[in-house]
Amino acid sequence: MQPFMPVRFVLTTDQTYEIHHPDLVLVGRRDVSIGITKHPDGEPINDQLTRVALAHITELQDLPHTITPEGNGSAQ
């Protein structure tokens, strides 16, 4: 499994949506469903769901991310 890379979607309307967790985005054939969370700790539970037509996404911008260690922190 590849690590998730946070991304910003830029739309034809100049709106942007930032995706910081893979559980908050679902890509379909014609649209993408974006979960919008209002949790300050970044918990991947959506409070609102927005659908955007793929034809309206004009740019994908990589966002900075932090690498968090997995497991109990011991070296592998």
# chains A, B, ... in the order shown; residues from 1 in each chain; ligands from 1
>>> residues_around(residues="His21 in chain A", least_positions_apart="2", cutoff="9 Å", atoms="only C-alpha atoms", output="PDB file with N, CA and C atoms, in the first residue's frame")
ATOM      1  N   PHE A   4      -0.470   7.880   1.582  1.00  0.00           N
ATOM      2  CA  PHE A   4      -1.374   8.901   1.057  1.00  0.00           C
ATOM      3  C   PHE A   4      -0.644  10.235   0.982  1.00  0.00           C
ATOM      4  N   MET A   5      -0.838  10.947  -0.098  1.00  0.00           N
ATOM      5  CA  MET A   5      -0.258  12.278  -0.277  1.00  0.00           C
ATOM      6  C   MET A   5      -1.382  13.308  -0.232  1.00  0.00           C
ATOM      7  N   PRO A   6      -1.387  14.221   0.745  1.00  0.00           N
ATOM      8  CA  PRO A   6      -2.416  15.258   0.798  1.00  0.00           C
ATOM      9  C   PRO A   6      -2.409  16.087  -0.487  1.00  0.00           C
ATOM     10  N   ILE A  19      -7.626  17.855   0.670  1.00  0.00           N
ATOM     11  CA  ILE A  19      -7.846  16.483   1.121  1.00  0.00           C
ATOM     12  C   ILE A  19      -6.631  16.081   1.950  1.00  0.00           C
ATOM     13  N   ASP A  23      -9.660   8.674   3.673  1.00  0.00           N
ATOM     14  CA  ASP A  23     -11.043   8.286   3.969  1.00  0.00           C
ATOM     15  C   ASP A  23     -12.041   9.407   3.678  1.00  0.00           C
ATOM     16  N   LEU A  24     -11.544  10.595   3.321  1.00  0.00           N
ATOM     17  CA  LEU A  24     -12.430  11.726   3.076  1.00  0.00           C
ATOM     18  C   LEU A  24     -12.610  12.038   1.588  1.00  0.00           C
ATOM     19  N   VAL A  25     -12.244  11.105   0.722  1.00  0.00           N
ATOM     20  CA  VAL A  25     -12.437  11.318  -0.711  1.00  0.00           C
ATOM     21  C   VAL A  25     -12.791   9.988  -1.371  1.00  0.00           C
ATOM     22  N   GLY A  42      -8.431  16.742  13.189  1.00  0.00           N
ATOM     23  CA  GLY A  42      -8.272  16.110  11.885  1.00  0.00           C
ATOM     24  C   GLY A  42      -8.851  14.717  11.796  1.00  0.00           C
ATOM     25  N   GLU A  43      -9.732  14.360  12.714  1.00  0.00           N
ATOM     26  CA  GLU A  43     -10.356  13.039  12.685  1.00  0.00           C
ATOM     27  C   GLU A  43     -11.101  12.865  11.362  1.00  0.00           C
ATOM     28  N   PRO A  44     -10.877  11.748  10.651  1.00  0.00           N
ATOM     29  CA  PRO A  44     -11.447  11.577   9.311  1.00  0.00           C
ATOM     30  C   PRO A  44     -12.919  11.174   9.323  1.00  0.00           C
TER      31      PRO A  44
END
>>> residues_around(residues="range 34-41 of chain A", least_positions_apart="3", cutoff="6 Å", atoms="only C-alpha atoms", output="ChimeraX atom specification")
/A:24-25,46-50
>>> closest_residue(among="A:Pro64, A:Ala53, A:Gln2, A:Arg8", to="Arg29 in chain A", atoms="only C-alpha atoms")
A:Ala53
>>> select_by_dssp(residues="chain A", states="helix (DSSP H, G or I)", output="list in words")
Pro22, Asp23, Leu24, Leu54, Ala55 and His56 of chain A
>>> closest_residue(among="A:Val32, A:Leu63, A:Ile57, A:Ile45", to="Val10 in chain A", atoms="only C-alpha atoms")
A:Ile57
>>> select_by_dssp(residues="chain A", states="strand (DSSP E or B)", output="PyMOL selection string")
chain A and resi 7-11+16-19+25-27+31-36+48-53+57-62
>>> atom_distance(atom1="CA of Thr13 in chain A", atom2="CA of Val52 in chain A")
11.2 Å
>>> residues_around(residues="Phe9 in chain A", least_positions_apart="3", cutoff="6 Å", atoms="only C-alpha atoms", output="PDB file with C-alpha atoms, in the first residue's frame")
ATOM      1  CA  THR A  16     -10.411  24.752  -3.645  1.00  0.00           C
ATOM      2  CA  TYR A  17     -10.815  21.633  -1.520  1.00  0.00           C
ATOM      3  CA  LEU A  60      -4.157  19.085  -8.338  1.00  0.00           C
TER       4      LEU A  60
END
>>> residues_around(residues="Thr12 in chain A", least_positions_apart="4", cutoff="9 Å", atoms="only C-alpha atoms", output="list in words")
Ala55, His56, Ile57, Thr58 and Glu59 of chain A
